[in-house]
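Printed here is entry_23.pdb (PDB, C-alpha atoms and all ligand atoms):
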ATOM      1  CA  MET A   1       0.000   0.000   0.000
ATOM      2  CA  THR A   2       1.065   3.587  -0.653
ATOM      3  CA  LEU A   3       1.081   6.114   2.210
ATOM      4  CA  GLY A   4      -0.322   9.646   2.158
ATOM      5  CA  TRP A   5      -3.738  11.300   2.410
ATOM      6  CA  ASP A   6      -3.158  14.754   0.924
ATOM      7  CA  LEU A   7      -2.194  15.897  -2.514
ATOM      8  CA  ALA A   8      -1.911  18.956  -4.694
ATOM      9  CA  GLY A   9      -0.965  18.322  -8.298
ATOM     10  CA  ILE A  10      -1.708  18.511 -11.995
ATOM     11  CA  VAL A  11      -4.302  16.380 -13.783
ATOM     12  CA  VAL A  12      -2.733  14.020 -16.322
ATOM     13  CA  ASP A  13      -5.918  12.269 -17.473
ATOM     14  CA  GLY A  14      -9.390  13.261 -16.287
ATOM     15  CA  GLY A  15     -11.181  10.569 -18.287
ATOM     16  CA  SER A  16     -14.884  11.451 -18.588
ATOM     17  CA  THR A  17     -15.002  13.250 -15.223
ATOM     18  CA  GLY A  18     -14.825  16.801 -16.525
ATOM     19  CA  LEU A  19     -11.361  17.296 -15.026
ATOM     20  CA  ARG A  20      -9.035  18.588 -17.745
ATOM     21  CA  ALA A  21      -5.409  17.595 -18.291
ATOM     22  CA  GLY A  22      -3.171  20.364 -16.954
ATOM     23  CA  GLU A  23      -5.688  21.515 -14.319
ATOM     24  CA  ARG A  24      -4.273  22.252 -10.831
ATOM     25  CA  VAL A  25      -6.166  20.200  -8.250
ATOM     26  CA  ILE A  26      -6.186  19.157  -4.612
ATOM     27  CA  ALA A  27      -7.553  15.926  -3.171
ATOM     28  CA  MET A  28      -7.897  13.897  -0.034
ATOM     29  CA  SER A  29      -7.752  10.128  -0.273
ATOM     30  CA  HIS A  30      -9.056   8.126   2.694
ATOM     31  CA  GLN A  31      -5.831   6.151   2.524
ATOM     32  CA  LEU A  32      -6.452   4.031   5.610
ATOM     33  CA  SER A  33      -9.635   2.454   4.249
ATOM     34  CA  SER A  34      -8.850   2.412   0.518
ATOM     35  CA  GLY A  35      -5.073   1.877   0.489
ATOM     36  CA  ARG A  36      -4.912   4.559  -2.250
ATOM     37  CA  GLY A  37      -2.047   6.697  -0.987
ATOM     38  CA  THR A  38      -0.985  10.054  -2.381
ATOM     39  CA  TRP A  39       2.789   9.902  -1.818
ATOM     40  CA  ALA A  40       3.573   9.072  -5.433
ATOM     41  CA  ASP A  41       4.297  10.928  -8.647
ATOM     42  CA  LEU A  42       1.205   9.453 -10.329
ATOM     43  CA  VAL A  43      -1.989   9.023  -8.281
ATOM     44  CA  SER A  44      -5.322   7.564  -9.373
ATOM     45  CA  LEU A  45      -8.362   8.845  -7.473
ATOM     46  CA  PRO A  46     -12.137   8.996  -7.918
ATOM     47  CA  ALA A  47     -13.289  12.405  -9.165
ATOM     48  CA  HIS A  48     -15.517  12.933  -6.106
ATOM     49  CA  ALA A  49     -12.377  13.267  -3.972
ATOM     50  CA  VAL A  50     -10.835  15.992  -6.176
ATOM     51  CA  ALA A  51     -11.350  19.782  -6.397
ATOM     52  CA  ALA A  52      -9.751  22.793  -8.026
ATOM     53  CA  ALA A  53      -6.638  23.989  -6.192
ATOM     54  CA  PRO A  54      -6.646  27.535  -4.803
ATOM     55  CA  ARG A  55      -5.332  29.972  -7.441
ATOM     56  CA  SER A  56      -3.666  32.109  -4.779
ATOM     57  CA  ALA A  57      -1.572  29.278  -3.292
ATOM     58  CA  SER A  58       1.457  27.341  -4.525
ATOM     59  CA  LEU A  59       0.988  23.577  -4.872
ATOM     60  CA  ALA A  60       3.137  23.083  -1.745
ATOM     61  CA  GLU A  61       0.831  25.395   0.212
ATOM     62  CA  ALA A  62      -2.276  23.808  -1.299
ATOM     63  CA  ALA A  63      -1.077  20.328  -0.266
ATOM     64  CA  THR A  64      -1.410  21.335   3.400
ATOM     65  CA  LEU A  65      -5.153  21.880   3.036
ATOM     66  CA  PRO A  66      -7.097  18.686   2.179
ATOM     67  CA  LEU A  67      -7.008  16.392   5.246
ATOM     68  CA  PRO A  68      -6.909  18.987   8.023
ATOM     69  CA  GLY A  69      -9.189  21.327   6.071
ATOM     70  CA  LEU A  70     -11.880  18.710   5.451
ATOM     71  CA  THR A  71     -11.636  17.477   9.044
ATOM     72  CA  ALA A  72     -12.206  21.043  10.233
ATOM     73  CA  TRP A  73     -14.955  21.748   7.680
ATOM     74  CA  GLN A  74     -16.943  18.548   8.264
ATOM     75  CA  THR A  75     -16.646  18.741  12.055
ATOM     76  CA  LEU A  76     -17.838  22.367  12.031
ATOM     77  CA  ASP A  77     -20.755  21.221   9.856
ATOM     78  CA  TRP A  78     -21.593  18.557  12.457
ATOM     79  CA  LEU A  79     -21.345  21.171  15.222
ATOM     80  CA  ALA A  80     -23.651  23.431  13.147
ATOM     81  CA  VAL A  81     -22.165  26.572  14.684
ATOM     82  CA  LYS A  82     -24.266  29.585  13.698
ATOM     83  CA  ALA A  83     -23.095  33.194  13.383
ATOM     84  CA  GLY A  84     -22.805  34.761  16.831
ATOM     85  CA  GLU A  85     -22.599  31.444  18.681
ATOM     86  CA  ARG A  86     -19.692  30.741  21.007
ATOM     87  CA  LEU A  87     -17.275  28.002  19.975
ATOM     88  CA  LEU A  88     -14.315  26.673  21.920
ATOM     89  CA  ILE A  89     -11.495  25.014  19.956
ATOM     90  CA  ALA A  90      -9.133  22.821  22.004
ATOM     91  CA  GLY A  91      -5.815  22.621  20.123
ATOM     92  CA  ALA A  92      -6.546  25.790  18.112
ATOM     93  CA  ALA A  93      -2.956  26.192  16.872
ATOM     94  CA  GLY A  94      -2.695  22.670  15.436
ATOM     95  CA  ALA A  95      -3.150  21.700  11.798
ATOM     96  CA  VAL A  96      -6.877  20.984  12.115
ATOM     97  CA  GLY A  97      -7.531  23.471  14.922
ATOM     98  CA  GLY A  98      -5.787  26.349  13.123
ATOM     99  CA  LEU A  99      -7.962  25.859  10.032
ATOM    100  CA  ALA A 100     -11.106  25.301  12.141
ATOM    101  CA  LEU A 101     -10.452  28.609  13.914
ATOM    102  CA  GLN A 102     -10.293  30.512  10.626
ATOM    103  CA  ILE A 103     -13.290  28.722   9.053
ATOM    104  CA  ALA A 104     -15.420  29.254  12.162
ATOM    105  CA  ARG A 105     -14.541  32.964  12.162
ATOM    106  CA  ALA A 106     -15.467  33.139   8.465
ATOM    107  CA  ARG A 107     -18.836  31.575   9.394
ATOM    108  CA  GLY A 108     -19.373  34.332  11.979
ATOM    109  CA  ALA A 109     -18.788  32.345  15.176
ATOM    110  CA  ARG A 110     -17.157  33.841  18.273
ATOM    111  CA  VAL A 111     -14.201  31.584  18.994
ATOM    112  CA  ASP A 112     -12.129  30.982  22.122
ATOM    113  CA  ALA A 113      -8.970  28.884  21.990
ATOM    114  CA  LEU A 114      -7.263  26.385  24.265
ATOM    115  CA  VAL A 115      -3.621  25.900  23.222
ATOM    116  CA  SER A 116      -0.714  23.980  24.712
ATOM    117  CA  ARG A 117       2.139  26.490  24.733
ATOM    118  CA  ASP A 118       2.655  30.224  25.112
ATOM    119  CA  VAL A 119       4.133  30.484  21.589
ATOM    120  CA  GLN A 120       0.779  29.338  20.174
ATOM    121  CA  VAL A 121      -1.145  32.146  21.866
ATOM    122  CA  ALA A 122      -0.167  34.766  19.284
ATOM    123  CA  PHE A 123      -1.225  32.508  16.383
ATOM    124  CA  ALA A 124      -4.701  31.979  17.843
ATOM    125  CA  ARG A 125      -5.117  35.699  18.635
ATOM    126  CA  ASP A 126      -3.900  36.747  15.178
ATOM    127  CA  HIS A 127      -6.437  34.424  13.570
ATOM    128  CA  GLY A 128      -9.428  35.816  15.384
ATOM    129  CA  ALA A 129      -9.776  34.005  18.717
ATOM    130  CA  ASP A 130     -11.128  36.150  21.568
ATOM    131  CA  LEU A 131      -9.958  34.390  24.735
ATOM    132  CA  VAL A 132      -6.768  32.365  24.238
ATOM    133  CA  THR A 133      -5.497  30.289  27.145
ATOM    134  CA  THR A 134      -3.153  27.430  27.964
ATOM    135  CA  ASP A 135      -5.188  26.674  31.115
ATOM    136  CA  GLY A 136      -8.282  24.504  30.746
ATOM    137  CA  HIS A 137      -9.492  25.747  34.134
ATOM    138  CA  ALA A 138      -9.693  29.331  32.791
ATOM    139  CA  LEU A 139     -12.591  28.394  30.500
ATOM    140  CA  GLU A 140     -16.041  29.603  31.390
ATOM    141  CA  ASP A 141     -18.170  26.804  32.863
ATOM    142  CA  ARG A 142     -20.987  25.803  30.500
ATOM    143  CA  GLY A 143     -20.167  28.883  28.408
ATOM    144  CA  TYR A 144     -19.911  27.368  24.912
ATOM    145  CA  ASP A 145     -22.630  26.439  22.438
ATOM    146  CA  ALA A 146     -20.139  24.081  20.818
ATOM    147  CA  VAL A 147     -16.726  22.582  21.550
ATOM    148  CA  PHE A 148     -14.328  21.336  18.834
ATOM    149  CA  ASP A 149     -11.779  19.119  20.597
ATOM    150  CA  THR A 150      -8.738  18.210  18.479
ATOM    151  CA  PHE A 151      -6.621  16.351  21.045
ATOM    152  CA  GLY A 152      -8.924  14.679  23.573
ATOM    153  CA  ALA A 153      -9.040  17.543  26.081
ATOM    154  CA  PHE A 154     -12.532  16.432  27.157
ATOM    155  CA  VAL A 155     -13.303  19.786  28.783
ATOM    156  CA  MET A 156     -16.858  18.675  29.381
ATOM    157  CA  GLU A 157     -17.656  21.426  31.880
ATOM    158  CA  ALA A 158     -17.085  24.065  29.209
ATOM    159  CA  VAL A 159     -20.014  23.054  26.990
ATOM    160  CA  ALA A 160     -23.408  24.620  27.712
ATOM    161  CA  ASP A 161     -26.407  22.471  28.545
ATOM    162  CA  GLY A 162     -28.069  21.565  25.240
ATOM    163  CA  GLY A 163     -24.796  22.198  23.363
ATOM    164  CA  ARG A 164     -22.643  20.123  20.994
ATOM    165  CA  TYR A 165     -19.233  18.516  21.603
ATOM    166  CA  ALA A 166     -17.155  16.987  18.800
ATOM    167  CA  SER A 167     -13.780  15.299  19.179
ATOM    168  CA  ILE A 168     -11.569  14.211  16.285
ATOM    169  CA  ALA A 169      -8.998  12.529  18.556
ATOM    170  CA  THR A 170      -9.989   8.963  17.722
ATOM    171  CA  GLN A 171      -7.103   7.529  19.739
ATOM    172  CA  ALA A 172      -8.324   9.304  22.908
ATOM    173  CA  GLY A 173     -11.520   7.252  22.877
ATOM    174  CA  PRO A 174     -15.181   8.217  22.991
ATOM    175  CA  VAL A 175     -16.461  11.538  24.289
ATOM    176  CA  PRO A 176     -18.046  11.113  27.746
ATOM    177  CA  ASP A 177     -21.827  10.817  27.591
ATOM    178  CA  LEU A 178     -23.519  14.132  28.444
ATOM    179  CA  SER A 179     -27.027  13.245  27.325
ATOM    180  CA  SER A 180     -28.318  14.002  30.848
ATOM    181  CA  ARG A 181     -27.456  17.658  30.107
ATOM    182  CA  GLY A 182     -28.875  17.510  26.583
ATOM    183  CA  VAL A 183     -25.393  17.726  25.009
ATOM    184  CA  ARG A 184     -24.884  15.898  21.693
ATOM    185  CA  THR A 185     -21.438  14.294  21.330
ATOM    186  CA  THR A 186     -19.439  12.621  18.567
ATOM    187  CA  VAL A 187     -16.008  11.471  17.509
ATOM    188  CA  ASN A 188     -16.004  12.735  13.946
ATOM    189  CA  GLN A 189     -14.241  10.870  11.125
ATOM    190  CA  VAL A 190     -13.112  12.695   7.998
ATOM    191  CA  ARG A 191     -14.625  11.650   4.633
ATOM    192  CA  GLU A 192     -13.529  12.165   1.017
ATOM    193  CA  ASP A 193     -15.391  15.251  -0.153
ATOM    194  CA  GLY A 194     -14.558  17.188  -3.313
ATOM    195  CA  ALA A 195     -17.451  19.605  -2.714
ATOM    196  CA  GLY A 196     -16.060  20.466   0.715
ATOM    197  CA  LEU A 197     -12.622  20.988  -0.821
ATOM    198  CA  ASN A 198     -14.134  23.430  -3.331
ATOM    199  CA  GLU A 199     -15.529  25.490  -0.434
ATOM    200  CA  LEU A 200     -12.110  25.469   1.256
ATOM    201  CA  THR A 201     -10.469  26.600  -1.999
ATOM    202  CA  LYS A 202     -12.884  29.564  -2.132
ATOM    203  CA  LEU A 203     -11.968  30.538   1.438
ATOM    204  CA  VAL A 204      -8.247  30.438   0.595
ATOM    205  CA  ASP A 205      -8.757  32.542  -2.544
ATOM    206  CA  SER A 206     -10.885  35.086  -0.668
ATOM    207  CA  GLY A 207      -8.111  35.510   1.923
ATOM    208  CA  SER A 208     -10.124  34.005   4.808
ATOM    209  CA  LEU A 209      -7.933  30.944   5.181
ATOM    210  CA  GLN A 210      -4.159  31.048   5.487
ATOM    211  CA  LEU A 211      -2.020  27.974   4.843
ATOM    212  CA  ARG A 212       1.195  27.201   6.709
ATOM    213  CA  VAL A 213       4.236  25.485   5.183
ATOM    214  CA  HIS A 214       7.227  24.865   7.458
ATOM    215  CA  SER A 215       9.510  23.363   4.812
ATOM    216  CA  THR A 216       9.443  21.441   1.537
ATOM    217  CA  TYR A 217      11.589  18.387   0.746
ATOM    218  CA  GLY A 218      12.342  16.576  -2.494
ATOM    219  CA  LEU A 219      11.515  12.866  -2.658
ATOM    220  CA  GLN A 220      15.217  11.992  -2.272
ATOM    221  CA  ARG A 221      15.106  13.604   1.188
ATOM    222  CA  ILE A 222      11.875  12.041   2.417
ATOM    223  CA  GLN A 223      13.683  10.424   5.359
ATOM    224  CA  ALA A 224      14.860  13.859   6.453
ATOM    225  CA  ALA A 225      11.264  15.103   6.138
ATOM    226  CA  HIS A 226      10.079  12.306   8.454
ATOM    227  CA  ALA A 227      12.915  12.948  10.885
ATOM    228  CA  ARG A 228      12.025  16.644  11.064
ATOM    229  CA  PHE A 229       8.358  15.783  11.659
ATOM    230  CA  LEU A 230       9.289  13.375  14.462
ATOM    231  CA  GLN A 231      11.317  16.088  16.202
ATOM    232  CA  GLY A 232       7.970  17.777  16.904
ATOM    233  CA  GLY A 233       7.303  21.367  17.884
ATOM    234  CA  LEU A 234       6.036  22.267  14.409
ATOM    235  CA  ALA A 235       3.310  24.840  13.935
ATOM    236  CA  GLU A 236       3.299  24.413  10.161
ATOM    237  CA  LYS A 237       3.197  21.515   7.701
ATOM    238  CA  ILE A 238       6.069  19.680   6.028
ATOM    239  CA  THR A 239       5.484  18.991   2.342
ATOM    240  CA  VAL A 240       7.198  16.609  -0.079
ATOM    241  CA  VAL A 241       7.575  17.229  -3.815
ATOM    242  CA  PHE A 242       7.358  14.229  -6.182
TER     243      PHE A 242
HETATM  244  N1  LIG B 301     -10.987  11.844  13.192
HETATM  245  C1  LIG B 301     -10.433  12.226  12.051
HETATM  246  O1  LIG B 301     -10.980  12.038  10.964
HETATM  247  C2  LIG B 301      -9.110  12.924  12.104
HETATM  248  C3  LIG B 301      -8.646  13.642  10.985
HETATM  249  C4  LIG B 301      -7.435  14.340  11.101
HETATM  250  C5  LIG B 301      -6.701  14.271  12.283
HETATM  251  N2  LIG B 301      -7.174  13.504  13.313
HETATM  252  C6  LIG B 301      -6.469  13.455  14.608
HETATM  253  O2  LIG B 301      -6.731  14.700  15.229
HETATM  254  C7  LIG B 301      -5.652  15.073  16.037
HETATM  255  C8  LIG B 301      -5.200  16.485  15.664
HETATM  256  O3  LIG B 301      -4.639  16.463  14.372
HETATM  257  P1  LIG B 301      -3.717  17.654  13.885
HETATM  258  O4  LIG B 301      -3.212  17.267  12.543
HETATM  259  O5  LIG B 301      -4.418  18.958  14.036
HETATM  260  O6  LIG B 301      -2.504  17.561  14.937
HETATM  261  P2  LIG B 301      -1.548  18.705  15.441
HETATM  262  O7  LIG B 301      -1.193  19.617  14.308
HETATM  263  O8  LIG B 301      -0.468  18.038  16.202
HETATM  264  O9  LIG B 301      -2.466  19.564  16.438
HETATM  265  C9  LIG B 301      -2.799  19.158  17.724
HETATM  266  C10 LIG B 301      -2.756  20.423  18.570
HETATM  267  O10 LIG B 301      -3.229  20.115  19.891
HETATM  268  C11 LIG B 301      -2.303  20.655  20.801
HETATM  269  N3  LIG B 301      -2.335  19.948  22.086
HETATM  270  C12 LIG B 301      -1.947  18.670  22.344
HETATM  271  N4  LIG B 301      -2.076  18.391  23.652
HETATM  272  C13 LIG B 301      -2.550  19.547  24.223
HETATM  273  C14 LIG B 301      -2.862  19.928  25.570
HETATM  274  N5  LIG B 301      -2.736  19.034  26.588
HETATM  275  N6  LIG B 301      -3.335  21.185  25.805
HETATM  276  C15 LIG B 301      -3.470  22.079  24.794
HETATM  277  N7  LIG B 301      -3.177  21.774  23.490
HETATM  278  C16 LIG B 301      -2.718  20.526  23.214
HETATM  279  C17 LIG B 301      -0.945  20.495  20.126
HETATM  280  O11 LIG B 301       0.033  21.320  20.721
HETATM  281  P3  LIG B 301       1.590  20.853  20.647
HETATM  282  O12 LIG B 301       2.073  21.230  19.290
HETATM  283  O13 LIG B 301       2.221  21.634  21.743
HETATM  284  O14 LIG B 301       1.624  19.376  20.905
HETATM  285  C18 LIG B 301      -1.314  20.937  18.712
HETATM  286  O15 LIG B 301      -1.310  22.348  18.574
HETATM  287  C19 LIG B 301      -4.562  14.009  15.824
HETATM  288  O16 LIG B 301      -4.646  13.085  16.883
HETATM  289  C20 LIG B 301      -4.968  13.347  14.524
HETATM  290  O17 LIG B 301      -4.558  11.999  14.476
HETATM  291  C21 LIG B 301      -8.349  12.851  13.251
END
What does this structure look like when you write it as structure tokens?
Ligand SMILES: NC(=O)c1ccc[n+]([C@@H]2O[C@H](COP(=O)([O-])OP(=O)(O)OC[C@H]3O[C@@H](n4cnc5c(N)ncnc54)[C@H](OP(=O)(O)O)[C@@H]3O)[C@@H](O)[C@H]2O)c1
Amino acid sequence: MTLGWDLAGIVVDGGSTGLRAGERVIAMSHQLSSGRGTWADLVSLPAHAVAAAPRSASLAEAATLPLPGLTAWQTLDWLAVKAGERLLIAGAAGAVGGLALQIARARGARVDALVSRDVQVAFARDHGADLVTTDGHALEDRGYDAVFDTFGAFVMEAVADGGRYASIATQAGPVPDLSSRGVRTTVNQVREDGAGLNELTKLVDSGSLQLRVHSTYGLQRIQAAHARFLQGGLAEKITVVF
């Protein structure tokens, strides 16, 4: 099996899908279930997983968008956060959380951020969060219409009665049951979604969504790319060019 979920590239053969050879595209492949990885110089994917790449971004920048962007987009859809509602994002400086913060602001939500380190505070503030804290105890009790939890924080006291709580941290296990307080909960799983990618592309091109590349490696240096990722401490994405 080939690894990799994200891609940004150029269409070689669109078949009868309407995609034209030479078109710049992005895609997310659900690699774990399909085995169709994207870390290759030629990738075959169903058209429903593919969308136009943002015109305002390089392919390296665009490659940082699909998996974290769709995870953020689909989880915000599940949370159904309306303009003016209060949303808490736990892990708001991470890959998914950083995009969720910007998308939620573009949808008109008021967003607070829980981050892990002081250096992440400025990022969350600069991208529109109101309260930014590294201390889970500083969050207002039952103050949030919705909570988007990216690392298994399980700050259950923060969500308002009747609210919504979504985790994406599959490995942290299920979200505690809060049905007695009328809170809906889920562990959301990302799905292939070309239509969602098209919406994300529009947000990038309108300037509402900024993409973060830490560094770009050629295929010959893919071991160095992995080693740098394993060092940790990254706020941005590593990309590999094939
Ligand atoms: N369910 C799905 O479909 C789906 C899809 C995509 C990703 N995921 C999972 O979702 C998680 C997040 O993905 P990601 O790509 O956004 O990862 P990421 O870029 O590492 O972001 C996680 C963020 O959470 C922060 N964090 C971790 N522990 C914290 C703590 N105790 N207090 C405050 N902040 C904390 C991290 O800070 P540091 O940098 O300081 O550690 C980081 O900023 C991963 O576990 C990933 O496997 C699930």
Exercise for the section: Would you list the residues that come within 9 Å of ligand LIG 301 (chain B)? Count all atoms listed in the file and give the answer as an NGL selection string. Expected result: :A and (67-72 or 75 or 90-99 or 114-117 or 120 or 133-136 or 149-153 or 167-172 or 187-191 or 232-237)
Could the residues in this selection be saved with C-alpha atoms as a compact mmCIF listing (two decimals), in the frame of the given file?
# COMPACT_ATOMS: atom_id res chain seq x y z
CA LEU A 67 -7.01 16.39 5.25
CA PRO A 68 -6.91 18.99 8.02
CA GLY A 69 -9.19 21.33 6.07
CA LEU A 70 -11.88 18.71 5.45
CA THR A 71 -11.64 17.48 9.04
CA ALA A 72 -12.21 21.04 10.23
CA THR A 75 -16.65 18.74 12.06
CA ALA A 90 -9.13 22.82 22.00
CA GLY A 91 -5.82 22.62 20.12
CA ALA A 92 -6.55 25.79 18.11
CA ALA A 93 -2.96 26.19 16.87
CA GLY A 94 -2.70 22.67 15.44
CA ALA A 95 -3.15 21.70 11.80
CA VAL A 96 -6.88 20.98 12.12
CA GLY A 97 -7.53 23.47 14.92
CA GLY A 98 -5.79 26.35 13.12
CA LEU A 99 -7.96 25.86 10.03
CA LEU A 114 -7.26 26.38 24.26
CA VAL A 115 -3.62 25.90 23.22
CA SER A 116 -0.71 23.98 24.71
CA ARG A 117 2.14 26.49 24.73
CA GLN A 120 0.78 29.34 20.17
CA THR A 133 -5.50 30.29 27.14
CA THR A 134 -3.15 27.43 27.96
CA ASP A 135 -5.19 26.67 31.12
CA GLY A 136 -8.28 24.50 30.75
CA ASP A 149 -11.78 19.12 20.60
CA THR A 150 -8.74 18.21 18.48
CA PHE A 151 -6.62 16.35 21.04
CA GLY A 152 -8.92 14.68 23.57
CA ALA A 153 -9.04 17.54 26.08
CA SER A 167 -13.78 15.30 19.18
CA ILE A 168 -11.57 14.21 16.28
CA ALA A 169 -9.00 12.53 18.56
CA THR A 170 -9.99 8.96 17.72
CA GLN A 171 -7.10 7.53 19.74
CA ALA A 172 -8.32 9.30 22.91
CA VAL A 187 -16.01 11.47 17.51
CA ASN A 188 -16.00 12.74 13.95
CA GLN A 189 -14.24 10.87 11.12
CA VAL A 190 -13.11 12.70 8.00
CA ARG A 191 -14.62 11.65 4.63
CA GLY A 232 7.97 17.78 16.90
CA GLY A 233 7.30 21.37 17.88
CA LEU A 234 6.04 22.27 14.41
CA ALA A 235 3.31 24.84 13.94
CA GLU A 236 3.30 24.41 10.16
CA LYS A 237 3.20 21.52 7.70
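Atom CA of Leu88 of chain A sits 5.7 Å away from atom CA of Val111 of chain A.
The gap separating atom CA of Ser33 of chain A from atom CA of Ala225 of chain A is 24.5 Å, in Å to one decimal.
Against the coordinates shown, the PyMOL selection byres (((chain A and resi 222) around 12) and not hetatm) returns A:Trp39, A:Ala40, A:Ser215, A:Thr216, A:Tyr217, A:Gly218, A:Leu219, A:Gln220, A:Arg221, A:Gln223, A:Ala224, A:Ala225, A:His226, A:Ala227, A:Arg228, A:Phe229, A:Ile238, A:Thr239, A:Val240, A:Val241, A:Phe242.
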Handout entry: Close residues, Thr64 of chain A itself excluded, 7 Å, only C-alpha atoms, min 2 positions apart in chain, as a PyMOL selection string
Key = chain A and resi 61-62+66+211+237
Compile the contact shell of Ile10 of chain A as a compact mmCIF listing (two decimals) with C-alpha atoms, keeping the file's coordinate frame: residues with an atom at most 9 Å away, counting all atoms listed in the file, same-chain residues fewer than 2 positions apart removed.
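Wrote result.txt, looks like this:
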# COMPACT_ATOMS: atom_id res chain seq x y z
CA ALA A 8 -1.91 18.96 -4.69
CA VAL A 12 -2.73 14.02 -16.32
CA ALA A 21 -5.41 17.60 -18.29
CA GLY A 22 -3.17 20.36 -16.95
CA GLU A 23 -5.69 21.52 -14.32
CA ARG A 24 -4.27 22.25 -10.83
CA VAL A 25 -6.17 20.20 -8.25
CA ILE A 26 -6.19 19.16 -4.61
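Across the model, the gap from atom CA of Val155 of chain A to atom CA of Asp141 of chain A is 9.5 Å.
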Exercise for the section: Find, counting all atoms listed in the file, the residue in A:Ala57, A:Val183, A:Ala63, A:Val11 that gets nearest to Leu45 of chain A. Expected result: A:Val11
